[in-house]
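Next up, coords-v1.pdb (PDB, C-alpha atoms, pLDDT in the B column):
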ATOM      1  CA  MET A   1       9.212   4.533 -14.834  1.00 57.00           C
ATOM      2  CA  ASP A   2       6.053   6.581 -15.105  1.00 88.00           C
ATOM      3  CA  ALA A   3       4.382   5.180 -12.010  1.00 96.00           C
ATOM      4  CA  ALA A   4       3.973   6.056  -8.361  1.00 98.00           C
ATOM      5  CA  LEU A   5       4.307   3.428  -5.657  1.00 98.00           C
ATOM      6  CA  VAL A   6       1.418   3.652  -3.201  1.00 98.00           C
ATOM      7  CA  VAL A   7       2.045   1.976   0.161  1.00 98.00           C
ATOM      8  CA  ILE A   8      -1.290   1.465   1.905  1.00 98.00           C
ATOM      9  CA  ASP A   9      -1.776   1.285   5.692  1.00 96.00           C
ATOM     10  CA  VAL A  10       1.397  -0.555   6.726  1.00 97.00           C
ATOM     11  CA  GLN A  11       0.795   0.697  10.261  1.00 94.00           C
ATOM     12  CA  ASN A  12       1.165  -0.812  13.712  1.00 89.00           C
ATOM     13  CA  LYS A  13      -2.565  -0.638  14.471  1.00 85.00           C
ATOM     14  CA  PHE A  14      -3.323  -3.079  11.628  1.00 86.00           C
ATOM     15  CA  TYR A  15      -0.176  -5.201  11.867  1.00 86.00           C
ATOM     16  CA  ARG A  16      -1.048  -6.807  15.193  1.00 81.00           C
ATOM     17  CA  VAL A  17      -4.826  -7.225  14.713  1.00 78.00           C
ATOM     18  CA  THR A  18      -4.596 -10.941  13.879  1.00 84.00           C
ATOM     19  CA  GLU A  19      -1.803 -13.485  13.865  1.00 91.00           C
ATOM     20  CA  GLY A  20      -2.546 -14.143  10.209  1.00 93.00           C
ATOM     21  CA  LEU A  21      -2.100 -10.506   9.218  1.00 93.00           C
ATOM     22  CA  GLU A  22       1.085 -10.175  11.250  1.00 93.00           C
ATOM     23  CA  ALA A  23       2.524 -13.291   9.564  1.00 96.00           C
ATOM     24  CA  SER A  24       1.454 -12.028   6.140  1.00 97.00           C
ATOM     25  CA  VAL A  25       3.084  -8.630   6.680  1.00 97.00           C
ATOM     26  CA  ASP A  26       6.266 -10.350   7.861  1.00 97.00           C
ATOM     27  CA  ARG A  27       6.172 -12.553   4.740  1.00 97.00           C
ATOM     28  CA  HIS A  28       5.671  -9.645   2.299  1.00 98.00           C
ATOM     29  CA  ILE A  29       7.474  -6.668   3.878  1.00 98.00           C
ATOM     30  CA  GLY A  30      10.698  -7.533   2.061  1.00 98.00           C
ATOM     31  CA  THR A  31       8.964  -7.152  -1.303  1.00 98.00           C
ATOM     32  CA  MET A  32       7.356  -3.886  -0.144  1.00 98.00           C
ATOM     33  CA  ASN A  33      10.785  -2.578   0.873  1.00 98.00           C
ATOM     34  CA  ASP A  34      12.422  -3.727  -2.367  1.00 98.00           C
ATOM     35  CA  ALA A  35       9.732  -1.857  -4.300  1.00 98.00           C
ATOM     36  CA  MET A  36      10.211   1.286  -2.230  1.00 98.00           C
ATOM     37  CA  GLU A  37      13.952   1.214  -2.846  1.00 98.00           C
ATOM     38  CA  LEU A  38      13.483   0.506  -6.575  1.00 97.00           C
ATOM     39  CA  PHE A  39      11.075   3.408  -7.035  1.00 97.00           C
ATOM     40  CA  ARG A  40      13.320   5.798  -5.098  1.00 98.00           C
ATOM     41  CA  SER A  41      16.415   4.740  -7.046  1.00 96.00           C
ATOM     42  CA  ASN A  42      14.555   5.481 -10.305  1.00 95.00           C
ATOM     43  CA  GLY A  43      13.414   8.890  -9.059  1.00 96.00           C
ATOM     44  CA  SER A  44       9.800   7.733  -8.942  1.00 97.00           C
ATOM     45  CA  PRO A  45       7.485   8.798  -6.129  1.00 98.00           C
ATOM     46  CA  VAL A  46       6.736   6.682  -3.086  1.00 98.00           C
ATOM     47  CA  ILE A  47       3.476   7.651  -1.422  1.00 98.00           C
ATOM     48  CA  ARG A  48       2.691   6.224   2.015  1.00 98.00           C
ATOM     49  CA  VAL A  49      -0.999   6.237   2.866  1.00 98.00           C
ATOM     50  CA  GLN A  50      -1.754   6.481   6.564  1.00 96.00           C
ATOM     51  CA  PHE A  51      -5.184   5.647   8.013  1.00 93.00           C
ATOM     52  CA  ASP A  52      -6.037   8.130  10.753  1.00 90.00           C
ATOM     53  CA  GLY A  53      -7.929   7.011  13.826  1.00 74.00           C
ATOM     54  CA  LEU A  54      -9.138   3.672  15.055  1.00 64.00           C
ATOM     55  CA  ASN A  55     -11.983   1.414  13.984  1.00 62.00           C
ATOM     56  CA  ASP A  56     -13.140  -2.194  14.374  1.00 64.00           C
ATOM     57  CA  CYS A  57     -10.190  -3.411  12.294  1.00 63.00           C
ATOM     58  CA  THR A  58      -7.484  -1.763  14.403  1.00 63.00           C
ATOM     59  CA  ALA A  59      -5.659  -2.551  17.616  1.00 61.00           C
ATOM     60  CA  ASN A  60      -5.427   0.346  20.040  1.00 61.00           C
ATOM     61  CA  ASP A  61      -3.663  -1.434  22.886  1.00 70.00           C
ATOM     62  CA  ILE A  62      -0.246  -1.234  21.253  1.00 76.00           C
ATOM     63  CA  GLU A  63       2.534   1.301  21.410  1.00 78.00           C
ATOM     64  CA  ASP A  64       2.377   3.923  18.642  1.00 83.00           C
ATOM     65  CA  PRO A  65      -0.672   2.577  16.781  1.00 79.00           C
ATOM     66  CA  GLU A  66      -0.430   5.379  14.176  1.00 84.00           C
ATOM     67  CA  GLY A  67       3.203   4.619  13.354  1.00 87.00           C
ATOM     68  CA  PHE A  68       4.430   2.584  10.404  1.00 94.00           C
ATOM     69  CA  VAL A  69       5.432  -1.035  10.992  1.00 94.00           C
ATOM     70  CA  PRO A  70       9.012  -1.420  12.221  1.00 92.00           C
ATOM     71  CA  GLY A  71      11.149  -2.614   9.360  1.00 96.00           C
ATOM     72  CA  LEU A  72       9.212  -0.718   6.684  1.00 98.00           C
ATOM     73  CA  ALA A  73      11.816   1.152   4.602  1.00 97.00           C
ATOM     74  CA  CYS A  74      10.447   4.673   5.121  1.00 97.00           C
ATOM     75  CA  ALA A  75      12.318   7.714   3.816  1.00 98.00           C
ATOM     76  CA  ASP A  76      11.996  11.447   4.412  1.00 97.00           C
ATOM     77  CA  THR A  77      11.357  11.899   0.683  1.00 97.00           C
ATOM     78  CA  ASP A  78       8.168   9.814   0.799  1.00 98.00           C
ATOM     79  CA  ILE A  79       4.912  11.663   0.309  1.00 98.00           C
ATOM     80  CA  ILE A  80       2.478  11.048   3.190  1.00 98.00           C
ATOM     81  CA  VAL A  81      -1.264  11.035   2.526  1.00 98.00           C
ATOM     82  CA  HIS A  82      -3.796  10.756   5.331  1.00 97.00           C
ATOM     83  CA  LYS A  83      -7.111   8.980   4.908  1.00 96.00           C
ATOM     84  CA  GLY A  84     -10.134   8.011   6.954  1.00 94.00           C
ATOM     85  CA  PHE A  85     -11.836   5.464   4.712  1.00 95.00           C
ATOM     86  CA  MET A  86     -11.130   2.060   3.170  1.00 94.00           C
ATOM     87  CA  ASN A  87     -10.816   3.575  -0.306  1.00 97.00           C
ATOM     88  CA  SER A  88      -7.575   5.568  -0.068  1.00 98.00           C
ATOM     89  CA  PHE A  89      -8.879   8.155  -2.560  1.00 98.00           C
ATOM     90  CA  ARG A  90     -12.052   9.005  -0.642  1.00 97.00           C
ATOM     91  CA  GLU A  91     -11.768  12.445   0.983  1.00 97.00           C
ATOM     92  CA  SER A  92      -7.960  12.329   0.837  1.00 98.00           C
ATOM     93  CA  GLU A  93      -5.212  13.980  -1.199  1.00 98.00           C
ATOM     94  CA  LEU A  94      -4.063  10.741  -2.859  1.00 98.00           C
ATOM     95  CA  GLU A  95      -5.359  11.514  -6.354  1.00 98.00           C
ATOM     96  CA  LYS A  96      -3.792  14.976  -6.252  1.00 98.00           C
ATOM     97  CA  ALA A  97      -0.514  13.598  -4.883  1.00 98.00           C
ATOM     98  CA  ILE A  98      -0.233  11.057  -7.702  1.00 98.00           C
ATOM     99  CA  LYS A  99      -1.258  13.407 -10.486  1.00 96.00           C
ATOM    100  CA  ASP A 100       0.958  16.240  -9.164  1.00 97.00           C
ATOM    101  CA  THR A 101       3.967  13.957  -9.700  1.00 96.00           C
ATOM    102  CA  GLY A 102       3.004  13.578 -13.356  1.00 96.00           C
ATOM    103  CA  CYS A 103       2.153   9.914 -12.944  1.00 97.00           C
ATOM    104  CA  ARG A 104      -0.958   8.310 -14.363  1.00 96.00           C
ATOM    105  CA  CYS A 105      -0.059   4.812 -13.221  1.00 97.00           C
ATOM    106  CA  MET A 106       0.272   3.443  -9.697  1.00 98.00           C
ATOM    107  CA  VAL A 107       1.594   0.250  -8.197  1.00 98.00           C
ATOM    108  CA  LEU A 108      -0.040  -0.769  -4.932  1.00 98.00           C
ATOM    109  CA  VAL A 109       1.531  -2.530  -1.972  1.00 98.00           C
ATOM    110  CA  GLY A 110       0.370  -2.792   1.619  1.00 98.00           C
ATOM    111  CA  LEU A 111      -2.611  -4.022   3.541  1.00 95.00           C
ATOM    112  CA  VAL A 112      -5.176  -5.307   3.881  1.00 95.00           C
ATOM    113  CA  ALA A 113      -5.274  -6.898   0.410  1.00 96.00           C
ATOM    114  CA  HIS A 114      -8.990  -7.682   0.223  1.00 96.00           C
ATOM    115  CA  LEU A 115     -10.069  -4.447   1.941  1.00 94.00           C
ATOM    116  CA  CYS A 116      -8.187  -1.148   1.546  1.00 96.00           C
ATOM    117  CA  VAL A 117      -5.879  -2.281  -1.244  1.00 98.00           C
ATOM    118  CA  LEU A 118      -8.733  -3.650  -3.349  1.00 98.00           C
ATOM    119  CA  ALA A 119     -11.018  -0.641  -2.696  1.00 98.00           C
ATOM    120  CA  THR A 120      -8.227   1.718  -3.770  1.00 98.00           C
ATOM    121  CA  TYR A 121      -7.378  -0.392  -6.822  1.00 98.00           C
ATOM    122  CA  PHE A 122     -10.902  -0.323  -8.220  1.00 98.00           C
ATOM    123  CA  ARG A 123     -11.464   3.392  -7.496  1.00 98.00           C
ATOM    124  CA  ALA A 124      -8.385   4.274  -9.561  1.00 98.00           C
ATOM    125  CA  PHE A 125     -10.136   3.292 -12.788  1.00 98.00           C
ATOM    126  CA  ASP A 126     -12.866   5.887 -12.120  1.00 97.00           C
ATOM    127  CA  ILE A 127     -10.364   8.736 -11.861  1.00 97.00           C
ATOM    128  CA  ASP A 128      -8.265   7.885 -14.918  1.00 96.00           C
ATOM    129  CA  LEU A 129      -5.379   6.243 -13.113  1.00 97.00           C
ATOM    130  CA  GLU A 130      -3.939   2.907 -14.140  1.00 97.00           C
ATOM    131  CA  PRO A 131      -3.611   0.631 -11.079  1.00 98.00           C
ATOM    132  CA  TRP A 132      -1.421  -2.435 -10.656  1.00 98.00           C
ATOM    133  CA  ILE A 133      -0.874  -4.744  -7.688  1.00 98.00           C
ATOM    134  CA  LEU A 134       2.730  -5.679  -6.938  1.00 98.00           C
ATOM    135  CA  LYS A 135       2.976  -9.461  -6.826  1.00 98.00           C
ATOM    136  CA  GLY A 136       4.114 -10.448  -3.346  1.00 98.00           C
ATOM    137  CA  GLY A 137       3.705  -6.901  -2.040  1.00 98.00           C
ATOM    138  CA  ILE A 138       0.296  -7.120  -0.386  1.00 98.00           C
ATOM    139  CA  ALA A 139      -0.685  -8.704   2.928  1.00 98.00           C
ATOM    140  CA  ALA A 140      -3.962 -10.088   4.294  1.00 97.00           C
ATOM    141  CA  THR A 141      -5.449 -11.773   7.332  1.00 93.00           C
ATOM    142  CA  ASP A 142      -5.268 -15.036   5.382  1.00 94.00           C
ATOM    143  CA  GLU A 143      -2.796 -15.755   2.570  1.00 96.00           C
ATOM    144  CA  GLY A 144      -5.667 -17.092   0.487  1.00 97.00           C
ATOM    145  CA  ASN A 145      -6.967 -13.524   0.269  1.00 97.00           C
ATOM    146  CA  VAL A 146      -3.614 -12.369  -1.129  1.00 98.00           C
ATOM    147  CA  ASP A 147      -3.920 -15.054  -3.807  1.00 98.00           C
ATOM    148  CA  HIS A 148      -7.506 -14.031  -4.596  1.00 98.00           C
ATOM    149  CA  VAL A 149      -6.651 -10.348  -5.009  1.00 98.00           C
ATOM    150  CA  GLU A 150      -3.625 -11.148  -7.163  1.00 98.00           C
ATOM    151  CA  ALA A 151      -5.829 -13.448  -9.280  1.00 98.00           C
ATOM    152  CA  ILE A 152      -8.507 -10.846 -10.052  1.00 98.00           C
ATOM    153  CA  CYS A 153      -6.350  -7.742 -10.444  1.00 98.00           C
ATOM    154  CA  ARG A 154      -3.634  -6.694 -12.873  1.00 98.00           C
ATOM    155  CA  VAL A 155      -0.349  -7.745 -11.316  1.00 98.00           C
ATOM    156  CA  VAL A 156       3.195  -6.616 -11.945  1.00 98.00           C
ATOM    157  CA  SER A 157       6.389  -8.109 -10.505  1.00 98.00           C
ATOM    158  CA  LEU A 158       9.558  -6.416  -9.294  1.00 97.00           C
ATOM    159  CA  ASP A 159      11.372  -7.900 -12.307  1.00 97.00           C
ATOM    160  CA  ASP A 160       8.814  -6.290 -14.622  1.00 96.00           C
ATOM    161  CA  LEU A 161       9.547  -2.908 -13.004  1.00 95.00           C
ATOM    162  CA  ARG A 162      13.325  -3.082 -13.184  1.00 91.00           C
ATOM    163  CA  PRO A 163      14.918  -1.225 -16.111  1.00 81.00           C
TER     164      PRO A 163
END
Let me see the structure of the file written as structure tokens.
Amino acid sequence: MDAALVVIDVQNKFYRVTEGLEASVDRHIGTMNDAMELFRSNGSPVIRVQFDGLNDCTANDIEDPEGFVPGLACADTDIIVHKGFMNSFRESELEKAIKDTGCRCMVLVGLVAHLCVLATYFRAFDIDLEPWILKGGIAATDEGNVDHVEAICRVVSLDDLRP
């Protein structure tokens, strides 16, 4: 597998912003975890993107807002990239992290589908990376937004990724 898995913003401060997003994360976290385990078992990189700070889309009245959602299958071998913008490449080390692993393709999971995931997806084309959305691996404030993003982007399934 010549791809990196990029896990976008699966953090506490986004998880509890709306009931819809919390339900969507709960619905899709199993697929995110399966992808993380699949990539690790194949020796492919898992890169967790972490949004630093708070904004209008975050909840700050929760314990450990910067932390990753409980139940996310994090590992010490994961590469952590910090960001401060919707587009995960903007003023971050994500492009370098992906290209340093020798990958030119990335599979995206995480949240929020129609915001940070989509902004990152479209920016990848401009920097010569091939982006894919993992079917069932993205979450949104409304499940309709998951469907919309999966309908307009190139999608890959876990079965497609298995050897």
Fewer than 2 positions away in the same chain doesn't count, so skip those; otherwise give me all residues within 8 Å of Gly110 in chain A, counting only C-alpha atoms, as an MDAnalysis selection string. chainID A and resid 7:10 32 108 112:113 117 137:139
Selection under test: the PyMOL selection byres ((chain A and resi 70) around 10); residues as JSON, numbers by chain: {"A": [10, 11, 12, 15, 29, 67, 68, 69, 71, 72, 73, 74]}
Can you turn the PyMOL selection byres ((chain A and resi 41-51) around 9) into a concrete residue list for this file, as a PyMOL selection string? chain A and resi 1-11+36-40+52-54+66-68+74-75+77-86+88+94+97-98+101+103+163
Pick from A:Val156, A:Val25, A:Cys105, A:Leu111, whichever lies nearest to Leu134 in chain A using all atoms listed in the file: A:Val156
Find the residue from A:Ser157, A:Asn33, A:Thr141, A:Ser24 that sits nearest to Leu115 in chain A; use all atoms listed in the file when measuring.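 Checking each of A:Ser157, A:Asn33, A:Thr141, A:Ser24 against Leu115 in chain A, counting all atoms listed in the file, the winner is A:Thr141.
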